[in-house]
$ cat coords-v8.csv   # CSV, C-alpha atoms
chain,number,residue,atom,x,y,z
A,1308,MET,CA,-23.7,-0.2,-23.6
A,1309,SER,CA,-20.4,1.7,-23.9
A,1310,SER,CA,-17.8,1.6,-21.2
A,1311,PRO,CA,-17.4,4.6,-18.9
A,1312,ALA,CA,-14.6,7.0,-19.5
A,1313,PHE,CA,-11.2,5.4,-18.7
A,1314,VAL,CA,-9.6,6.4,-15.5
A,1315,PRO,CA,-6.1,5.2,-14.6
A,1316,GLY,CA,-6.6,2.2,-12.3
A,1317,LEU,CA,-4.7,3.7,-9.4
A,1318,GLU,CA,-6.9,6.8,-9.3
A,1319,LEU,CA,-10.0,4.6,-9.6
A,1320,SER,CA,-8.9,2.5,-6.6
A,1321,ARG,CA,-8.0,5.7,-4.7
A,1322,ARG,CA,-11.5,7.0,-5.1
A,1323,PHE,CA,-13.0,3.6,-4.5
A,1324,TYR,CA,-11.3,3.4,-1.1
A,1325,ALA,CA,-12.1,7.0,-0.1
A,1326,GLU,CA,-15.7,7.1,-1.3
A,1327,ALA,CA,-17.0,3.5,-0.9
A,1328,VAL,CA,-14.7,1.2,1.1
A,1329,ARG,CA,-13.6,3.4,4.0
A,1330,PRO,CA,-17.1,4.3,5.2
A,1331,LEU,CA,-18.0,0.6,5.2
A,1332,LEU,CA,-14.8,-0.3,7.1
A,1333,GLU,CA,-15.8,2.2,9.8
A,1334,GLU,CA,-19.3,0.5,10.0
A,1335,ALA,CA,-18.0,-3.1,10.0
A,1336,ALA,CA,-15.1,-2.6,12.4
A,1337,PRO,CA,-15.3,0.7,14.2
A,1338,GLY,CA,-12.1,1.8,15.9
A,1339,ILE,CA,-10.0,-1.0,14.3
A,1340,PRO,CA,-6.8,0.5,12.7
A,1341,HIS,CA,-6.1,-0.3,9.1
A,1342,SER,CA,-3.9,0.6,6.1
A,1343,ALA,CA,-5.1,0.6,2.5
A,1344,ALA,CA,-3.2,0.4,-0.7
A,1345,ARG,CA,-3.2,-0.8,-4.3
A,1346,ILE,CA,0.1,-2.6,-4.7
A,1347,GLY,CA,1.0,-6.0,-6.2
A,1348,PRO,CA,0.2,-7.5,-9.6
A,1349,GLY,CA,-1.6,-5.3,-12.2
A,1350,SER,CA,-0.5,-3.0,-15.0
A,1351,GLU,CA,-2.1,0.0,-13.1
A,1352,VAL,CA,0.3,-0.5,-10.2
A,1353,LEU,CA,3.2,0.3,-12.5
A,1354,GLY,CA,1.3,3.0,-14.3
A,1355,TYR,CA,1.0,1.2,-17.6
A,1356,ASP,CA,-2.7,0.5,-17.8
A,1357,THR,CA,-4.8,1.6,-20.8
A,1358,PRO,CA,-8.5,1.0,-21.7
A,1359,ARG,CA,-7.3,-2.5,-22.9
A,1360,SER,CA,-6.4,-3.4,-19.3
A,1361,ALA,CA,-10.1,-3.3,-18.3
A,1362,ASP,CA,-10.7,-6.7,-19.9
A,1363,HIS,CA,-9.4,-8.7,-16.9
A,1364,GLU,CA,-8.1,-8.2,-13.4
A,1365,TRP,CA,-8.6,-4.4,-13.6
A,1366,GLY,CA,-11.1,-2.2,-11.9
A,1367,PRO,CA,-12.0,-0.9,-8.4
A,1368,ARG,CA,-9.8,-3.0,-6.2
A,1369,LEU,CA,-7.3,-2.6,-3.4
A,1370,GLN,CA,-5.8,-4.2,-0.3
A,1371,VAL,CA,-6.9,-3.5,3.3
A,1372,PHE,CA,-4.3,-4.4,5.9
A,1373,LEU,CA,-5.3,-5.1,9.5
A,1374,ARG,CA,-3.2,-6.0,12.5
A,1375,PRO,CA,-2.4,-9.7,12.5
A,1376,GLN,CA,-4.7,-10.3,15.6
A,1377,ASP,CA,-7.5,-8.5,13.9
A,1378,VAL,CA,-7.6,-10.6,10.7
A,1379,PRO,CA,-9.3,-13.7,12.3
A,1380,ARG,CA,-11.6,-11.4,14.4
A,1381,HIS,CA,-12.8,-9.0,11.8
A,1382,ALA,CA,-11.8,-9.9,8.2
A,1383,GLY,CA,-14.9,-12.1,7.7
A,1384,ARG,CA,-17.3,-9.5,8.9
A,1385,ILE,CA,-15.6,-6.8,6.8
A,1386,GLY,CA,-15.7,-8.9,3.7
A,1387,HIS,CA,-19.4,-9.7,4.3
A,1388,VAL,CA,-20.3,-6.0,4.8
A,1389,LEU,CA,-18.5,-5.0,1.7
A,1390,SER,CA,-20.1,-7.8,-0.3
A,1391,GLU,CA,-23.6,-6.8,0.8
A,1392,SER,CA,-23.2,-3.0,0.9
A,1393,LEU,CA,-20.8,-1.9,-1.8
A,1394,PRO,CA,-22.4,-0.2,-4.7
A,1395,LYS,CA,-22.9,-2.4,-7.7
A,1396,THR,CA,-21.0,0.1,-9.8
A,1397,PHE,CA,-18.5,2.8,-9.0
A,1398,HIS,CA,-18.0,5.7,-11.4
A,1399,GLY,CA,-19.6,3.5,-14.0
A,1400,TRP,CA,-17.4,0.4,-13.4
A,1401,PRO,CA,-18.8,-2.8,-11.9
A,1402,THR,CA,-17.5,-3.6,-8.5
A,1403,HIS,CA,-18.4,-7.3,-8.9
A,1404,PHE,CA,-15.7,-9.6,-10.4
A,1405,ALA,CA,-16.7,-12.9,-12.0
A,1406,PRO,CA,-14.6,-15.7,-13.5
A,1407,THR,CA,-13.8,-15.4,-17.2
A,1408,GLY,CA,-15.1,-18.9,-17.8
A,1409,GLU,CA,-11.7,-19.8,-19.2
A,1410,THR,CA,-10.0,-20.0,-15.8
A,1411,ARG,CA,-11.2,-19.6,-12.3
A,1412,ASP,CA,-8.1,-17.6,-11.4
A,1413,ILE,CA,-8.7,-14.7,-13.7
A,1414,ARG,CA,-11.7,-12.4,-13.0
A,1415,VAL,CA,-13.4,-9.7,-14.9
A,1416,MET,CA,-15.9,-6.9,-14.0
A,1417,ARG,CA,-19.5,-8.0,-14.4
A,1418,ALA,CA,-22.8,-6.6,-13.6
A,1419,THR,CA,-24.7,-8.3,-10.8
A,1420,ASP,CA,-28.0,-8.1,-8.9
A,1421,GLY,CA,-26.7,-10.2,-6.0
A,1422,PRO,CA,-23.9,-9.7,-3.5
A,1423,VAL,CA,-20.8,-8.2,-4.8
A,1424,HIS,CA,-17.8,-10.5,-5.3
A,1425,HIS,CA,-15.4,-7.7,-4.6
A,1426,ARG,CA,-11.7,-7.4,-5.0
A,1427,VAL,CA,-10.9,-5.8,-1.7
A,1428,GLU,CA,-8.3,-8.1,-0.2
A,1429,ILE,CA,-8.3,-8.2,3.6
A,1430,THR,CA,-5.1,-9.4,5.1
A,1431,HIS,CA,-2.1,-8.3,7.2
A,1432,VAL,CA,1.2,-6.9,6.1
A,1433,SER,CA,3.5,-9.8,7.0
A,1434,SER,CA,1.2,-12.4,5.4
A,1435,TRP,CA,0.7,-10.4,2.2
A,1436,PHE,CA,4.3,-9.6,1.6
A,1437,THR,CA,5.4,-13.2,2.4
A,1438,ASP,CA,2.9,-14.6,-0.1
A,1439,THR,CA,4.0,-12.1,-2.7
A,1440,LEU,CA,7.8,-12.1,-2.2
A,1441,GLY,CA,8.5,-15.3,-0.5
A,1442,PHE,CA,9.8,-13.6,2.7
A,1443,ASP,CA,8.7,-11.3,5.4
A,1444,PRO,CA,10.2,-7.8,4.9
A,1445,THR,CA,9.1,-6.7,8.4
A,1446,ARG,CA,12.0,-8.9,9.6
A,1447,ALA,CA,15.7,-8.9,8.5
A,1448,ILE,CA,16.0,-9.2,4.7
A,1449,THR,CA,18.9,-11.4,3.8
A,1450,PRO,CA,20.9,-11.4,0.5
A,1451,ALA,CA,19.2,-14.7,-0.4
A,1452,HIS,CA,15.8,-13.0,0.0
A,1453,TRP,CA,16.8,-10.1,-2.3
A,1454,LEU,CA,18.3,-12.3,-5.0
A,1455,ALA,CA,15.5,-14.8,-5.0
A,1456,ALA,CA,12.8,-12.2,-5.5
A,1457,PRO,CA,11.9,-11.5,-9.1
A,1458,THR,CA,12.5,-7.8,-10.0
A,1459,GLN,CA,8.9,-7.7,-11.3
A,1460,ARG,CA,7.6,-8.5,-7.9
A,1461,LEU,CA,9.9,-6.0,-6.2
A,1462,ALA,CA,8.6,-3.4,-8.7
A,1463,GLU,CA,5.0,-4.3,-7.9
A,1464,VAL,CA,5.4,-4.0,-4.1
A,1465,THR,CA,7.3,-0.7,-4.2
A,1466,ALA,CA,5.1,1.0,-6.9
A,1467,GLY,CA,1.4,1.6,-6.7
A,1468,ALA,CA,0.0,3.8,-4.0
A,1469,VAL,CA,-0.8,3.8,-0.3
A,1470,PHE,CA,-4.1,5.5,0.4
A,1471,HIS,CA,-4.0,5.3,4.2
A,1472,ASP,CA,-1.4,3.9,6.6
A,1473,GLY,CA,-3.1,3.8,10.0
A,1474,LEU,CA,-0.9,0.8,11.0
A,1475,HIS,CA,2.2,2.8,10.2
A,1476,THR,CA,3.8,-0.3,8.6
A,1477,LEU,CA,3.4,0.0,4.9
A,1478,ALA,CA,5.7,3.1,4.5
A,1479,PRO,CA,8.7,1.6,6.4
A,1480,VAL,CA,8.3,-1.8,4.6
A,1481,ARG,CA,8.1,-0.2,1.2
A,1482,ALA,CA,11.1,2.0,2.1
A,1483,ALA,CA,13.1,-1.1,3.1
A,1484,LEU,CA,12.4,-2.7,-0.2
A,1485,ARG,CA,12.9,0.4,-2.3
A,1486,TRP,CA,16.3,-0.7,-3.5
A,1487,TYR,CA,19.0,-3.2,-3.0
A,1488,PRO,CA,21.6,-2.5,-0.3
A,1489,HIS,CA,24.8,-1.1,-1.9
A,1490,ASP,CA,26.9,-4.2,-2.0
A,1491,LEU,CA,24.0,-6.2,-3.4
A,1492,TRP,CA,23.4,-3.5,-6.0
A,1493,LEU,CA,27.0,-3.9,-7.1
A,1494,HIS,CA,26.6,-7.6,-7.3
A,1495,VAL,CA,23.4,-7.4,-9.3
A,1496,LEU,CA,25.0,-5.0,-11.8
A,1497,ALA,CA,28.0,-7.4,-12.0
A,1498,ARG,CA,25.7,-10.3,-12.8
A,1499,GLN,CA,24.1,-8.3,-15.6
A,1500,TRP,CA,27.4,-7.3,-17.2
A,1501,GLN,CA,28.5,-10.9,-17.0
A,1502,ARG,CA,25.4,-12.0,-19.0
A,1503,ILE,CA,26.4,-9.6,-21.7
A,1504,SER,CA,30.0,-10.9,-21.6
A,1505,HIS,CA,28.8,-14.4,-22.3
A,1506,GLU,CA,26.9,-13.6,-25.5
A,1507,GLU,CA,28.5,-10.5,-27.0
A,1508,ALA,CA,30.8,-12.4,-29.4
A,1509,PHE,CA,28.1,-14.7,-30.7
A,1510,VAL,CA,26.4,-12.0,-32.9
A,1511,GLY,CA,29.5,-12.1,-35.1
A,1512,ARG,CA,30.2,-15.8,-34.8
A,1513,CYS,CA,26.7,-16.8,-35.8
A,1514,GLY,CA,26.8,-14.4,-38.7
A,1515,GLU,CA,30.2,-15.6,-39.8
A,1516,VAL,CA,28.9,-19.1,-40.5
A,1517,GLY,CA,25.8,-17.8,-42.3
A,1518,ASP,CA,23.4,-18.1,-39.4
A,1519,GLU,CA,21.7,-14.7,-39.6
A,1520,LEU,CA,18.7,-16.0,-37.7
A,1521,GLY,CA,20.9,-17.1,-34.8
A,1522,SER,CA,22.8,-13.8,-34.9
A,1523,ALA,CA,19.5,-11.9,-34.7
A,1524,VAL,CA,18.3,-14.1,-31.7
A,1525,VAL,CA,21.5,-13.4,-29.9
A,1526,ALA,CA,21.2,-9.6,-30.6
A,1527,ALA,CA,17.7,-9.7,-29.2
A,1528,SER,CA,18.9,-11.4,-26.0
A,1529,LEU,CA,21.7,-8.8,-25.7
A,1530,THR,CA,19.2,-6.0,-26.2
A,1531,ARG,CA,17.2,-7.3,-23.3
A,1532,HIS,CA,20.3,-7.6,-21.1
A,1533,LEU,CA,21.2,-4.0,-22.0
A,1534,MET,CA,17.8,-2.7,-21.3
A,1535,ARG,CA,17.6,-4.4,-17.9
A,1536,LEU,CA,21.1,-3.1,-17.1
A,1537,CYS,CA,20.1,0.5,-17.8
A,1538,LEU,CA,17.2,0.1,-15.4
A,1539,LEU,CA,19.4,-1.4,-12.7
A,1540,MET,CA,21.9,1.5,-13.2
A,1541,ASP,CA,19.0,3.9,-12.7
A,1542,ARG,CA,18.0,2.1,-9.5
A,1543,ARG,CA,14.8,0.8,-11.0
A,1544,TYR,CA,13.6,-2.7,-10.8
A,1545,PRO,CA,13.2,-4.1,-14.3
A,1546,PRO,CA,9.7,-5.3,-15.0
A,1547,TYR,CA,8.9,-8.4,-17.0
A,1548,GLY,CA,8.9,-8.5,-20.8
A,1549,LYS,CA,5.5,-6.9,-21.4
A,1550,TRP,CA,6.5,-3.6,-19.8
A,1551,LEU,CA,10.3,-3.7,-20.2
A,1552,GLY,CA,10.3,-1.4,-23.2
A,1553,SER,CA,7.9,1.0,-21.5
A,1554,ALA,CA,10.1,1.2,-18.4
A,1555,PHE,CA,13.3,1.5,-20.4
A,1556,ALA,CA,12.0,4.5,-22.3
A,1557,HIS,CA,12.1,6.4,-19.1
A,1558,THR,CA,15.7,5.5,-18.1
A,1559,THR,CA,18.6,7.9,-18.4
A,1560,ALA,CA,19.7,6.3,-21.6
A,1561,GLY,CA,16.3,5.5,-23.0
A,1562,ALA,CA,15.8,8.3,-25.5
A,1563,HIS,CA,19.3,7.9,-26.9
A,1564,LEU,CA,19.5,4.2,-27.0
A,1565,THR,CA,16.1,3.3,-28.2
A,1566,PRO,CA,16.8,4.0,-31.9
A,1567,VAL,CA,20.2,2.3,-31.6
A,1568,LEU,CA,18.7,-0.9,-30.2
A,1569,ARG,CA,15.8,-0.8,-32.7
A,1570,ALA,CA,18.4,-0.5,-35.5
A,1571,ALA,CA,20.3,-3.5,-34.1
A,1572,LEU,CA,17.1,-5.6,-34.0
A,1573,ALA,CA,16.1,-4.5,-37.5
A,1574,ALA,CA,19.5,-5.1,-39.1
A,1575,GLY,CA,19.6,-7.4,-42.1
A,1576,ASP,CA,23.1,-8.7,-41.6
A,1577,TRP,CA,25.4,-9.3,-38.7
A,1578,HIS,CA,27.9,-6.6,-39.6
A,1579,ASP,CA,25.2,-3.9,-39.2
A,1580,ARG,CA,23.8,-5.7,-36.1
A,1581,GLU,CA,27.2,-5.7,-34.5
A,1582,HIS,CA,27.8,-2.1,-35.4
A,1583,HIS,CA,24.7,-0.9,-33.6
A,1584,LEU,CA,25.2,-3.1,-30.6
A,1585,ALA,CA,28.8,-1.7,-30.3
A,1586,THR,CA,27.4,1.8,-30.1
A,1587,ALA,CA,25.0,0.7,-27.4
A,1588,TYR,CA,27.8,-1.0,-25.4
A,1589,GLU,CA,29.9,2.1,-25.5
A,1590,THR,CA,27.0,4.3,-24.4
A,1591,VAL,CA,26.1,2.0,-21.4
A,1592,ALA,CA,29.8,1.7,-20.5
A,1593,GLY,CA,30.0,5.5,-20.4
A,1594,LEU,CA,27.0,5.6,-18.1
A,1595,HIS,CA,28.7,3.1,-15.8
A,1596,ASN,CA,31.7,5.4,-15.6
A,1597,GLN,CA,29.4,8.3,-14.7
A,1598,LEU,CA,28.0,6.4,-11.7
A,1599,GLY,CA,31.5,6.4,-10.1
A,1600,LEU,CA,31.0,2.9,-8.6
A,1601,THR,CA,34.4,1.8,-9.8
A,1602,ASP,CA,37.5,3.4,-11.2
A,1603,ARG,CA,37.0,4.5,-14.8
A,1604,ILE,CA,36.9,1.6,-17.3
A,1605,ASP,CA,37.8,2.1,-21.0
A,1606,PRO,CA,34.3,2.2,-22.7
A,1607,THR,CA,35.5,1.5,-26.2
A,1608,THR,CA,34.8,-1.8,-28.0
A,1609,ARG,CA,37.6,-4.0,-29.4
A,1610,PRO,CA,38.2,-7.3,-31.1
A,1611,TYR,CA,37.2,-10.5,-29.4
A,1612,HIS,CA,40.7,-11.8,-28.7
A,1613,SER,CA,42.1,-12.9,-32.1
A,1614,ARG,CA,38.7,-13.1,-33.7
A,1615,PRO,CA,37.3,-10.1,-35.7
A,1616,TYR,CA,34.2,-9.6,-33.7
A,1617,ARG,CA,33.6,-6.2,-32.1
A,1618,VAL,CA,32.8,-6.6,-28.4
A,1619,LEU,CA,33.2,-4.6,-25.1
A,1620,HIS,CA,34.6,-7.5,-23.0
A,1621,ALA,CA,31.8,-6.8,-20.5
A,1622,GLU,CA,33.4,-9.0,-17.9
A,1623,ARG,CA,35.8,-6.1,-17.2
A,1624,PHE,CA,32.8,-4.2,-15.7
A,1625,ALA,CA,31.6,-7.3,-13.7
A,1626,GLN,CA,35.1,-7.8,-12.2
A,1627,ALA,CA,35.5,-4.1,-11.3
A,1628,LEU,CA,32.1,-4.0,-9.6
A,1629,THR,CA,32.8,-7.3,-7.7
A,1630,ALA,CA,36.1,-5.9,-6.5
A,1631,ARG,CA,34.2,-3.0,-4.8
A,1632,VAL,CA,31.9,-5.2,-2.8
A,1633,THR,CA,33.0,-4.9,0.9
A,1634,ASP,CA,30.8,-7.7,2.3
A,1635,ARG,CA,32.9,-10.9,1.7
A,1636,SER,CA,29.8,-13.2,1.7
A,1637,ILE,CA,28.4,-11.1,-1.2
A,1638,ARG,CA,31.7,-10.7,-3.0
A,1639,GLU,CA,32.1,-14.5,-3.1
A,1640,LEU,CA,28.6,-15.1,-4.6
A,1641,PRO,CA,29.0,-16.7,-8.1
A,1642,LEU,CA,28.3,-14.8,-11.2
A,1643,PRO,CA,26.2,-16.3,-14.0
A,1644,GLN,CA,27.8,-19.1,-16.0
A,1645,PRO,CA,27.6,-19.5,-19.8

$ encode --input "coords-v8.csv" --output "C-alpha cells"
Amino acid sequence: MSSPAFVPGLELSRRFYAEAVRPLLEEAAPGIPHSAARIGPGSEVLGYDTPRSADHEWGPRLQVFLRPQDVPRHAGRIGHVLSESLPKTFHGWPTHFAPTGETRDIRVMRATDGPVHHRVEITHVSSWFTDTLGFDPTRAITPAHWLAAPTQRLAEVTAGAVFHDGLHTLAPVRAALRWYPHDLWLHVLARQWQRISHEEAFVGRCGEVGDELGSAVVAASLTRHLMRLCLLMDRRYPPYGKWLGSAFAHTTAGAHLTPVLRAALAAGDWHDREHHLATAYETVAGLHNQLGLTDRIDPTTRPYHSRPYRVLHAERFAQALTARVTDRSIRELPLPQP
C-alpha cells in the first residue's frame, strides 16, 4: 500500500487540530480554555520536512495547552477521549504512533484496530517550556537562561505554528523568546567572532607542515562558525548540523557565500583553502559593518603577525562588539577560550 500524498507536517497538524482534535476537546472538556500549537522538536517545525521525515516522529501531532489548574482535572479525560475517538487515520496518515522496536523513545505511525496512541501532548505553558528550555519564560528571563539554551531549542519554540491561543499566553511567550536582548545579541556575536579568531591561522599552519587533512578539518570548523555567524547576524537562531546548511542558504549572505565556502571545503591544498576562506571572511566582515553595531572595522584580511597566513584577526570584531555592551554584567562575561 502506497503512502498518501505528502503534506508539510505543519499543515497536516493544523488540519488535524481543526478537523479532528478541537471537536473532541469541546466534548471532553466543554468550556475549558486552551491553546494549540505544533512547536518543539521535529523537522516540520522548522519547515524542513520531506517525505523522508515520515519514517519517524512525524505525522498528525500537536500540543494542547491548558491552564495549570486544569491539567490535573481534565488532561486524563481529554487524553482518553482522544485515544478512543480520534479517527484511525487522518488524510490517509495513521494517527496511532507505535515504538520502532529499536527504542521506546522513538515512535512511528502504525495502523491500529484498538485505541489510538496519539501524539497530542496535553500540558500547560510553563511546564512545557521549562521542560524544553530549562527555564520558565513566563517569568523573568536572565542572561544565564538565554546563554544556556541551545539555539536549536530556541529555534524550535519560536518557529512552528500556533493554531489557537485561547489562553492568550503562547503569543507573548514566543514574542519574548523571538530574539536575544540587544546587549546579549552583541555578546553572542562577539563569542562567534572569537571562535573564528582562535582557528583562522591554523588552516595555513597545518598546511605548512604538510598536514592537509588537519588543514581541511580546521577549514570545516571555520565554515561552520561562519555559517552560524551569518545566521546570528540575521537574527536567526542557528539550528543543529542537520539543518544548518538549509537555514544558511536563506541568510543575507547565503547565495553569495555558499559557492565560496564549498570551494574552501573542496580545495585540495591549503593555499586555495585559505584563499576562499579569506574571501568569506571579508564578505562577512562587510556584513558586520552594514549592521552598524560598531564603528566601521577594516574588513580586509592581512598576515597573521609575522607569519604568512592570511587571516582577518576576527578578535577585532569581538572586541568592538563587547565595547558596545552597556550592561556591565554582560560586558564582563568571558568570551570562548582556545

$ residues_near_point --input "coords-v8.csv" --point "(32.1, 4.5, -6.8)" --cutoff "12 Å" --atoms "only C-alpha atoms" --output "ChimeraX atom specification"
/A:1489-1490,1492-1493,1595-1604,1627-1632

$ residues_near_point --input "coords-v8.csv" --point "(25.8, -10.6, -23.4)" --cutoff "9 Å" --atoms "only C-alpha atoms" --output "list in words"
Gln1499, Trp1500, Gln1501, Arg1502, Ile1503, Ser1504, His1505, Glu1506, Glu1507, Ala1508, Phe1509, Val1525, Ala1526, Ser1528, Leu1529, Thr1530, His1532, Leu1533 and Ala1621 of chain A

$ residues_around --input "coords-v8.csv" --residues "Ala1466 in chain A" --least-positions-apart "6" --cutoff "9 Å" --atoms "all atoms listed in the file" --output "ChimeraX atom specification"
/A:1345-1347,1352-1354,1481

$ residues_around --input "coords-v8.csv" --residues "range 1449-1452 of chain A" --least-positions-apart "3" --cutoff "12 Å" --atoms "only C-alpha atoms" --output "count of residues only"
28

$ closest_residue --input "coords-v8.csv" --among "A:Pro1610, A:Pro1337, A:Pro1406, A:Pro1375" --to "Asp1362 in chain A" --atoms "all atoms listed in the file"
A:Pro1406

$ atom_distance --input "coords-v8.csv" --atom1 "CA of Ser1360 in chain A" --atom2 "CA of Pro1394 in chain A"
21.9 Å

$ closest_residue --input "coords-v8.csv" --among "A:Asp1472, A:Gly1408, A:Ala1587, A:Ala1336" --to "Pro1566 in chain A" --atoms "all atoms listed in the file"
A:Ala1587

$ atom_distance --input "coords-v8.csv" --atom1 "CA of Gly1386 in chain A" --atom2 "CA of Ala1344 in chain A"
16.2 Å

$ closest_residue --input "coords-v8.csv" --among "A:Ala1574, A:Leu1474, A:Val1464, A:Leu1551" --to "Phe1372 in chain A" --atoms "all atoms listed in the file"
A:Leu1474

$ closest_residue --input "coords-v8.csv" --among "A:His1557, A:His1398, A:Thr1590, A:Leu1520" --to "Ala1573 in chain A" --atoms "only C-alpha atoms"
A:Leu1520

$ residues_around --input "coords-v8.csv" --residues "Ala1312 in chain A" --least-positions-apart "2" --cutoff "10 Å" --atoms "only C-alpha atoms" --output "number ranges by chain"
A: 1309-1310, 1314-1315, 1358, 1398-1400

$ write_last_selection --input "coords-v8.csv" --atoms "C-alpha atoms" --output "mmCIF file, in the coordinates of the input"
data_model
loop_
_atom_site.group_PDB
_atom_site.id
_atom_site.type_symbol
_atom_site.label_atom_id
_atom_site.label_comp_id
_atom_site.auth_asym_id
_atom_site.auth_seq_id
_atom_site.Cartn_x
_atom_site.Cartn_y
_atom_site.Cartn_z
ATOM 1 C CA SER A 1309 -20.400 1.700 -23.900
ATOM 2 C CA SER A 1310 -17.800 1.600 -21.200
ATOM 3 C CA VAL A 1314 -9.600 6.400 -15.500
ATOM 4 C CA PRO A 1315 -6.100 5.200 -14.600
ATOM 5 C CA PRO A 1358 -8.500 1.000 -21.700
ATOM 6 C CA HIS A 1398 -18.000 5.700 -11.400
ATOM 7 C CA GLY A 1399 -19.600 3.500 -14.000
ATOM 8 C CA TRP A 1400 -17.400 0.400 -13.400
#

$ residues_around --input "coords-v8.csv" --residues "Gly1511 in chain A" --least-positions-apart "5" --cutoff "9 Å" --atoms "all atoms listed in the file" --output "PyMOL selection string"
chain A and resi 1516+1522+1577-1578+1580-1581+1615-1617

$ closest_residue --input "coords-v8.csv" --among "A:Arg1374, A:Lys1395, A:Arg1623, A:His1431" --to "Arg1417 in chain A" --atoms "all atoms listed in the file"
A:Lys1395

$ atom_distance --input "coords-v8.csv" --atom1 "CA of Ala1625 in chain A" --atom2 "CA of Thr1565 in chain A"
23.7 Å
